[in-house]
Amino acid sequence: MSDYQVLNTRAPRVDGPAKATGQAKYTDDFKIPGMLYASILQSPVAHARILHIDASKARKLTGVKAVVTAREAGLIKYGVSPARYDETLFAHDKVRYVGDEIAAVAASDQDIAQEALSLIKVDYEELPAVFDMFEAMKEGAPQIHDEFPGNMNAEVHQEFGDTEAALRSCDLVVDHTFINKRQDAAFIEPHSCLAVFDHSGRLTLYTSTQVPHYVMRTVAMTLQIPVGNVRVIKPYVGGGFGPKCEATPLEMSCGLLSKVTGQPVKMTYSREQVFLHSRARHQFYAEMSLGVMKDGTMVALKNKAVLDGGAYTSFGIATVYYSGSLLGGPYKLKTMKYDGYRVYTNKPACGAQRGHGGVAHRACFEQLIDMTAEKLGIDPIDMRLKNIMTTGDITVNELDMSSLGMKECIEAIRSGSDWNNKKGKLPKGKGIGMACGFFVSGAGYPIYRSDTYHSTVVIKLSEDGGVANVMTGSAEIGQGSDTTMAMIAAETLGIKLKDVQVHSGDTDYSVDLGAYSSRQTLMTGHATKEAAEQVKSQIASHLSEELNVPVSSITFADGIVKFDGGPGNFEKLRSSYIKEHRGWMDPPTGEYLTFREAARMAYLKAGTIVGTGKYKPPRLGGSYKGAAVGTSPAYGCSAQIVEVTVDLETGQITIDRMTDAHDCGLAINRTSVEGQMQGSLSMGLGECLFEEVKFDSRGRVLNPSLGEYKIPTALDMPKVKSIIVESSEPNGPYGAKEVGEGAIMPTIPAILNAIYDATGVRVNELPATSERLFMALKDKSEAV
Amino acid sequence: MKRIIKLTINGKTIEAAVSSNQTLLQFLREDMDLTGTKHGCGLGDCGACTVILDGKAVNSCLVLAVQADGSEILTIEGLAEDGKLHPLQQAFVDKGAIQCGFCTPGMILSAKALLDEKPNPSELEIRTAISGNLCRCTGYQKIVEAIGEAAEVVRMREES
């Protein structure tokens with residue numbers, strides 16, 4: 001075990017009791033006197049010209065306070081990446097998908113707001129629409145954005161080395177294609193926002209977001225409010241997983257309606273609207289060739305991607321880059337070529353979702369490795385170990401694996417699952433499969449080009465010295481970042497975890513880019529550590545002066561202060577503290593000076609003790625076009641083994657067991673790390689086996705509910721064995737790095753490789769439903 | 001059209017005028033300010049709005065407030081006693097069964113209804129009892145473990 005007092009333990013979450021008792025407030029739980037209720041009018045057609053909008057009847061309805069359309073909102077374009085701002089708050093010339101926003105209403109209650117929407121008359125001239133990404137790329141396809149001919153939203157072409165020549169030199173080249181389906185994030189809390197525009201011209205948004213900082217910037221830009229006058233507060237958030245990583249029409253509408261009416265305005269999406277807003281996992285088509293030598297050495301990878309982006313860009317540029325860049329490891333390749341295309345279709349926009357851009361392509365690649373290993377007669381694990389990267393390796397596309405416990409993860413699952421006694425030895429209908437993956441610990445660059453710090457943190461001590469208040473704009477969305485920051489602060493200050501209070505998710509507290517790309521532990525963690533060190537050194541220097549001892553003799557741990565490892569002479573501090581706090585409970589006792597007394601003394605000398613910390617990564621990555629996407633100060637990695645039973649008569653798949661190892665560097669909180677690993681597996685399992693957002697022939701979502709869009713229940717999840725692997729990451733605070741997304745990477749291919757092992761059938765289209773597997777089994781038996 | 005209903009919520013008798021189309025969920029959240037009961041879908045799919053009505057776990061979005069007339073309701077706010085967490089709440093906190101927390105109130109109440117009926121449930125019975133409560137964060141494993149542990153604590157408490 002480690003020498004840490006707080007880190008690397010199983011400390012209960014700091015927000016646990018609030019969440020277990022119903023006291024934790026989420027955005028929709030807030031009510032403010034005078035608050036109005038808002039709703040958005042969304043297009044019922046997938047592609048049409050807007051000829052006329054008549055809101056006069058809605059405006060006259062009793063109880064309606066405001067109706068806003070593009071006329072009131074203006075036409076300022078926004079999006080995620082400034083390189084592709086292609087949305088306006090409300091559609092003005094065209095609607096581009098069923099659900100495109102046209103107007104918003106604020107009224108004295110929800111029913112009136114809803115009725116008002118039905119009174120807004122919109123005349124449409126319907127246009128031909130296109131819903132399939134391959135159809136959208138064809139000549140003559142309906143054009144969705146004039147600025148992007150051929151519906152080509154973004155193209156990426158990258159090559160490292162001469163891939164064609166390398167493939168020609170290989171002993172064996174194996175090809176594979178793979179296609180997934182659009183996934184929904186299915187967080188349980190629908191988006192919600194409460195906007196308060198006050199008389200001083202300040203807009204405060206309480207909103208269910210992963211990224212208060214980006215919401216602040218986007219809303220300020222679209223509503224033309226000075227950015228310093230926009231404050232975004234993120235109450236507790238009921239899950240995000242990616243789609244809450246950008247400003248929403250809901251937030252902008254509430255802000256605008258509050259500005260127009262001068263009253264607080266709240267809006268919450270229905271579950272159907274969550275599906276319509278989407279911004280979740282794209283549909284990806286992957287086409288790959290892997291070239292190897294006879295002994296299993298991987299040489300060249302050729303990768304082509306086509307992404308169904310939906311009607312707008314959202315995060316999509318980053319997504320289409322990630323589908324290429326995240327295949328650079330964790331295997332040593334000599335050459336790699338990537339061609340990626342993101343295509344517009346008349347469907348809700350796709351964006352970032354757990355394992356951003358990498359999941360489907362990882363699924364294809366890890367199947368391809370198994371297919372290759374089989375042809376070469378090599379065990380899939382040995383094949384991977386032969387090519388595995390280790391700490392210090394740099395991928396062919398220049399990603400620096402500053403720590404990488406990939407080999408340790410593979411060894412851990414091999415023994416943890418008893419692979420050697422199972423692989424090739426299971427009866428018909430039972431199978432075992434494995435896969436690997438890695439992911440960034442925080443994107444190396446912000447979404448907008450800037451030299452901004454990625455995280456700053458302020459730590460302020462209470463005047464009695466008893467509480468360290470950590471103030472951060474970081475976003476606790478369920479992943480446990482508040483607890484992580486509390487633990488890092490407590491460890492660094494040398495105080496007990498209970499004496500730290502985290503105040504997070506508020507743009508007024510500090511700058512933080514938010515909860516995406518698995519960045520909070522590493523980046524906010526660094527800033528928290530630096531702020532705590534600053535506080536500690538201030539206290540030490542005041543102590544040194546007051547007690548006339550050298551700073552180097554002072555140490556802080558577990559709430560007490562030692563001098564040269566002993567109690568030292570601090571009597572005058574204790575008696576003055578007790579004198580000042582006469583009648584208070586809990587006077588300081590014991591043979592050592594407490595942190596509280598030391599901090600009080602520092603306050604009396606210098607005023608409120610405040611420490612600040614900041615973090616931004618150094619310049620990372622190569623200099624080729626798109627080199628920024630995929631860079632990170634560190635990479636987490638995972639290996640998984642899945643065991644399945646397949647009913648060969650019906651194609652029914654049962655996942656029997658999953659064994660999962662993840663290298664997260666130092667596990668700040670072991671329970672939270674396991675929680676992220678297990679949650680990733682369940683999301684991957686759902687995507688693999690049954691999740692699919694379906695559309696009808698007119699572009700309407702067919703299953704916009706959690707009854708018809710199925711996510712795993714407690715009965716769908718098998719027992720999971722979670723093994724934490726801890727490399728020491730030089731670029732992470734206390735050696736820590738990510739776990740929230742890397743852990744999903746191997747899940748789908750591990751399941752599919754296990755299904756192949758059980759049946760001899762390769763599933764190359766998700767979801768791997770029993771029907772799809774049954775048909776594949778039938779095709780196979782007919783072919784024989 | 002409003003109707004007067006009389007019911008017990010978390011041990012307190014309440015008399016209130018409700019609209020005939022108002023759901024129990026809306027009544028609890030909007031009229032009673034009991035926002036610990038969550039709205040996740042409004043269709044009975046997700047279980048975030050689970051409360052215990054006359055001893056049974058129900059989706060409060062599928063019950064009309066008028067149907068709850070004369071009934072006894074337990075919401076998450078009524079579970080802790082004298083400021084002390086119920087063993088289920090404590091186990092959820094201790095075992096890491098909570099992440100975003102949005103499913104937690106409903107999940108805990110489904111578990112409570114199970115333990116009231118079956119003090120010593122098998123793992124399959126636990127998984128079945130919470131199969132109507134969706135959680136996207138945890139993969140359920142730590143929730144199942146927490147319920148198992150809480151069952152033990154409750155049994156021991158009742159024996160002593």
# chains A, B, ... in the order shown; residues from 1 in each chain; ligands from 1
call {"tool": "interface_residues", "arguments": {"of": "chain B", "to": "chain A", "cutoff": "8 Å", "atoms": "only C-alpha atoms", "output": "VMD selection string"}}
result
chain B and resid 29 35 to 37 39 to 42 45 to 46 48 76 to 77 79 to 80 85 89 to 90 92 to 96 98 to 105 108 124 127 to 128 130 to 142
call {"tool": "write_last_selection", "arguments": {"atoms": "N, CA and C atoms", "output": "compact mmCIF listing (two decimals), in the first residue's frame"}}
result
# COMPACT_ATOMS: atom_id res chain seq x y z
N ARG B 29 -43.25 16.92 -6.44
CA ARG B 29 -42.17 17.84 -6.78
C ARG B 29 -42.62 19.31 -6.72
N THR B 35 -38.38 17.40 -3.96
CA THR B 35 -37.69 17.25 -5.25
C THR B 35 -36.69 16.10 -5.26
N GLY B 36 -36.60 15.39 -4.15
CA GLY B 36 -35.75 14.19 -4.16
C GLY B 36 -36.29 13.13 -5.10
N THR B 37 -37.58 13.16 -5.35
CA THR B 37 -38.18 12.26 -6.34
C THR B 37 -37.92 12.86 -7.72
N HIS B 39 -37.64 13.30 -11.97
CA HIS B 39 -38.36 13.12 -13.23
C HIS B 39 -37.34 12.78 -14.31
N GLY B 40 -37.35 11.54 -14.79
CA GLY B 40 -36.38 11.15 -15.82
C GLY B 40 -37.00 10.95 -17.18
N CYS B 41 -38.27 10.54 -17.20
CA CYS B 41 -38.88 10.27 -18.51
C CYS B 41 -40.37 10.58 -18.56
N GLY B 42 -41.06 10.45 -17.44
CA GLY B 42 -42.50 10.71 -17.44
C GLY B 42 -43.32 9.61 -18.07
N ASP B 45 -40.59 4.50 -17.70
CA ASP B 45 -39.50 3.68 -18.25
C ASP B 45 -38.27 3.61 -17.35
N CYS B 46 -37.97 4.73 -16.67
CA CYS B 46 -36.64 4.82 -16.05
C CYS B 46 -36.62 4.55 -14.55
N ALA B 48 -36.76 6.64 -12.07
CA ALA B 48 -36.17 7.68 -11.23
C ALA B 48 -37.20 8.29 -10.28
N ILE B 76 -37.94 9.61 -0.73
CA ILE B 76 -36.56 9.51 -0.25
C ILE B 76 -36.32 10.43 0.95
N GLU B 77 -37.05 11.53 0.99
CA GLU B 77 -36.86 12.48 2.09
C GLU B 77 -37.32 11.90 3.43
N LEU B 79 -36.83 8.76 4.49
CA LEU B 79 -36.18 7.49 4.81
C LEU B 79 -35.20 7.60 5.99
N ALA B 80 -34.45 8.68 6.03
CA ALA B 80 -33.51 8.85 7.14
C ALA B 80 -34.31 9.17 8.40
N LEU B 85 -28.81 8.24 8.50
CA LEU B 85 -29.11 7.58 7.25
C LEU B 85 -29.69 6.19 7.50
N GLN B 89 -29.28 3.75 2.62
CA GLN B 89 -28.59 4.99 2.22
C GLN B 89 -27.12 4.91 2.60
N GLN B 90 -26.87 4.41 3.83
CA GLN B 90 -25.49 4.32 4.29
C GLN B 90 -24.67 3.38 3.41
N PHE B 92 -25.28 2.58 0.27
CA PHE B 92 -25.07 3.20 -1.04
C PHE B 92 -23.89 4.17 -0.98
N VAL B 93 -23.79 4.92 0.10
CA VAL B 93 -22.67 5.87 0.24
C VAL B 93 -21.36 5.09 0.41
N ASP B 94 -21.36 4.11 1.29
CA ASP B 94 -20.12 3.41 1.62
C ASP B 94 -19.59 2.56 0.47
N LYS B 95 -20.49 1.93 -0.28
CA LYS B 95 -20.05 0.98 -1.30
C LYS B 95 -19.80 1.62 -2.67
N GLY B 96 -19.98 2.92 -2.78
CA GLY B 96 -19.77 3.56 -4.08
C GLY B 96 -20.89 3.26 -5.06
N ILE B 98 -23.29 5.17 -5.69
CA ILE B 98 -23.82 6.43 -6.20
C ILE B 98 -22.78 7.09 -7.10
N GLN B 99 -23.20 7.48 -8.29
CA GLN B 99 -22.34 8.35 -9.09
C GLN B 99 -23.08 9.66 -9.33
N CYS B 100 -23.82 9.76 -10.43
CA CYS B 100 -24.51 11.05 -10.64
C CYS B 100 -25.63 11.25 -9.63
N GLY B 101 -26.18 10.16 -9.13
CA GLY B 101 -27.16 10.26 -8.06
C GLY B 101 -28.59 10.45 -8.51
N PHE B 102 -28.80 10.58 -9.82
CA PHE B 102 -30.15 10.89 -10.28
C PHE B 102 -31.10 9.69 -10.14
N CYS B 103 -30.55 8.50 -10.28
CA CYS B 103 -31.39 7.30 -10.12
C CYS B 103 -31.45 6.87 -8.66
N THR B 104 -30.58 7.45 -7.84
CA THR B 104 -30.39 6.93 -6.48
C THR B 104 -31.66 6.91 -5.62
N PRO B 105 -32.42 8.00 -5.54
CA PRO B 105 -33.62 7.95 -4.69
C PRO B 105 -34.57 6.82 -5.10
N ILE B 108 -33.00 3.38 -4.30
CA ILE B 108 -33.03 3.05 -2.87
C ILE B 108 -34.45 2.65 -2.44
N LEU B 124 -30.06 -12.47 -7.56
CA LEU B 124 -31.01 -12.37 -8.67
C LEU B 124 -32.26 -11.61 -8.26
N ARG B 127 -31.36 -7.97 -8.28
CA ARG B 127 -31.28 -7.45 -9.65
C ARG B 127 -32.68 -7.32 -10.26
N THR B 128 -33.54 -8.27 -9.97
CA THR B 128 -34.90 -8.21 -10.51
C THR B 128 -35.67 -7.03 -9.91
N ILE B 130 -34.62 -4.21 -8.89
CA ILE B 130 -34.21 -2.89 -9.39
C ILE B 130 -34.15 -2.85 -10.91
N SER B 131 -34.69 -3.87 -11.56
CA SER B 131 -34.57 -3.90 -13.03
C SER B 131 -35.44 -2.84 -13.70
N GLY B 132 -36.35 -2.23 -12.94
CA GLY B 132 -37.13 -1.12 -13.49
C GLY B 132 -36.52 0.23 -13.18
N ASN B 133 -35.36 0.22 -12.55
CA ASN B 133 -34.66 1.47 -12.23
C ASN B 133 -33.40 1.54 -13.07
N LEU B 134 -33.39 2.43 -14.05
CA LEU B 134 -32.22 2.50 -14.93
C LEU B 134 -31.13 3.34 -14.30
N CYS B 135 -29.90 2.85 -14.44
CA CYS B 135 -28.73 3.61 -14.02
C CYS B 135 -27.76 3.56 -15.19
N ARG B 136 -27.29 4.72 -15.63
CA ARG B 136 -26.37 4.73 -16.77
C ARG B 136 -24.92 4.85 -16.30
N CYS B 137 -24.73 5.12 -15.00
CA CYS B 137 -23.37 5.41 -14.53
C CYS B 137 -22.61 4.20 -14.02
N THR B 138 -23.25 3.35 -13.24
CA THR B 138 -22.50 2.42 -12.39
C THR B 138 -22.33 1.01 -12.95
N GLY B 139 -23.13 0.63 -13.92
CA GLY B 139 -23.11 -0.77 -14.33
C GLY B 139 -23.76 -1.68 -13.28
N TYR B 140 -24.37 -1.08 -12.28
CA TYR B 140 -25.21 -1.73 -11.26
C TYR B 140 -24.45 -2.55 -10.21
N GLN B 141 -23.20 -2.93 -10.49
CA GLN B 141 -22.54 -3.88 -9.60
C GLN B 141 -22.47 -3.39 -8.16
N LYS B 142 -22.06 -2.14 -8.00
CA LYS B 142 -21.90 -1.61 -6.64
C LYS B 142 -23.27 -1.35 -5.99
call {"tool": "residues_around", "arguments": {"residues": "Gln67 in chain B", "least_positions_apart": "5", "cutoff": "12 Å", "atoms": "only C-alpha atoms", "output": "NGL selection string"}}
result
:B and (3-7 or 18-25 or 27 or 53-54 or 60-62 or 72-73)
call {"tool": "select_by_dssp", "arguments": {"residues": "range 635-741 of chain A", "states": "helix (DSSP H, G or I)", "output": "PyMOL selection string"}}
result
chain A and resi 670-689+733-735
call {"tool": "write_last_selection", "arguments": {"atoms": "N, CA and C atoms", "output": "CSV table (one decimal), in the first residue's frame"}}
result
chain,number,residue,atom,x,y,z
A,670,ARG,N,-10.1,4.4,-5.2
A,670,ARG,CA,-10.2,3.1,-5.8
A,670,ARG,C,-11.6,2.7,-6.1
A,671,THR,N,-12.5,3.1,-5.2
A,671,THR,CA,-13.9,2.8,-5.5
A,671,THR,C,-14.4,3.5,-6.7
A,672,SER,N,-14.1,4.8,-6.8
A,672,SER,CA,-14.5,5.6,-8.0
A,672,SER,C,-13.9,5.1,-9.3
A,673,VAL,N,-12.7,4.6,-9.2
A,673,VAL,CA,-12.1,4.1,-10.4
A,673,VAL,C,-12.8,2.8,-10.9
A,674,GLU,N,-13.1,1.9,-9.9
A,674,GLU,CA,-13.9,0.8,-10.3
A,674,GLU,C,-15.3,1.2,-10.8
A,675,GLY,N,-15.9,2.2,-10.2
A,675,GLY,CA,-17.2,2.7,-10.7
A,675,GLY,C,-17.2,3.1,-12.1
A,676,GLN,N,-16.1,3.8,-12.5
A,676,GLN,CA,-15.9,4.3,-13.9
A,676,GLN,C,-15.7,3.1,-14.8
A,677,MET,N,-15.0,2.1,-14.4
A,677,MET,CA,-14.7,0.9,-15.2
A,677,MET,C,-16.0,0.2,-15.4
A,678,GLN,N,-16.7,-0.1,-14.4
A,678,GLN,CA,-18.0,-0.9,-14.5
A,678,GLN,C,-19.0,-0.1,-15.3
A,679,GLY,N,-19.1,1.2,-15.1
A,679,GLY,CA,-20.1,2.0,-15.9
A,679,GLY,C,-19.7,2.0,-17.4
A,680,SER,N,-18.4,2.1,-17.7
A,680,SER,CA,-18.0,2.0,-19.1
A,680,SER,C,-18.4,0.7,-19.7
A,681,LEU,N,-18.2,-0.4,-19.0
A,681,LEU,CA,-18.5,-1.7,-19.5
A,681,LEU,C,-20.0,-1.8,-19.8
A,682,SER,N,-20.8,-1.2,-19.0
A,682,SER,CA,-22.3,-1.4,-19.2
A,682,SER,C,-22.7,-0.5,-20.4
A,683,MET,N,-22.1,0.6,-20.6
A,683,MET,CA,-22.4,1.4,-21.7
A,683,MET,C,-22.0,0.7,-23.0
A,684,GLY,N,-20.8,0.1,-23.0
A,684,GLY,CA,-20.3,-0.6,-24.1
A,684,GLY,C,-21.1,-1.8,-24.4
A,685,LEU,N,-21.5,-2.5,-23.4
A,685,LEU,CA,-22.4,-3.7,-23.6
A,685,LEU,C,-23.7,-3.3,-24.2
A,686,GLY,N,-24.3,-2.2,-23.8
A,686,GLY,CA,-25.5,-1.8,-24.4
A,686,GLY,C,-25.4,-1.5,-25.8
A,687,GLU,N,-24.3,-0.7,-26.1
A,687,GLU,CA,-24.1,-0.3,-27.5
A,687,GLU,C,-23.8,-1.6,-28.4
A,688,CYS,N,-23.2,-2.5,-27.8
A,688,CYS,CA,-22.8,-3.7,-28.6
A,688,CYS,C,-24.0,-4.6,-28.9
A,689,LEU,N,-24.9,-4.7,-27.9
A,689,LEU,CA,-25.9,-5.8,-28.0
A,689,LEU,C,-27.3,-5.2,-28.3
A,733,PRO,N,-1.0,14.5,-11.7
A,733,PRO,CA,-0.9,14.9,-10.3
A,733,PRO,C,-0.8,13.6,-9.4
A,734,TYR,N,0.3,13.5,-8.7
A,734,TYR,CA,0.5,12.3,-7.9
A,734,TYR,C,0.6,11.0,-8.8
A,735,GLY,N,0.8,11.2,-10.1
A,735,GLY,CA,0.9,10.1,-11.0
A,735,GLY,C,-0.4,9.6,-11.5
call {"tool": "closest_residue", "arguments": {"among": "B:Val153, B:Val51, B:Ala129, B:Leu114", "to": "Gly78 in chain B", "atoms": "only C-alpha atoms"}}
result
B:Val51
call {"tool": "select_by_dssp", "arguments": {"residues": "chain B", "states": "strand (DSSP E or B)", "output": "VMD selection string"}}
result
chain B and resid 2 to 9 12 to 19 23 50 to 53 56 to 59 64 72 to 74 81 84
call {"tool": "atom_distance", "arguments": {"atom1": "CA of Ala602 in chain A", "atom2": "CA of Lys562 in chain A"}}
result
16.0 Å
call {"tool": "residues_around", "arguments": {"residues": "Lys57 in chain A", "least_positions_apart": "4", "cutoff": "8 Å", "atoms": "only C-alpha atoms", "output": "ChimeraX atom specification"}}
result
/A:61,116,119-120
call {"tool": "closest_residue", "arguments": {"among": "A:Cys664, A:Ala154, A:Met137, A:Ile554", "to": "Ser728 in chain A", "atoms": "only C-alpha atoms"}}
result
A:Cys664
call {"tool": "atom_distance", "arguments": {"atom1": "CA of Gln273 in chain A", "atom2": "CA of Pro348 in chain A"}}
result
10.4 Å
call {"tool": "residues_around", "arguments": {"residues": "Gly392 in chain A", "least_positions_apart": "6", "cutoff": "9 Å", "atoms": "only C-alpha atoms", "output": "VMD selection string"}}
result
chain A and resid 400 to 404
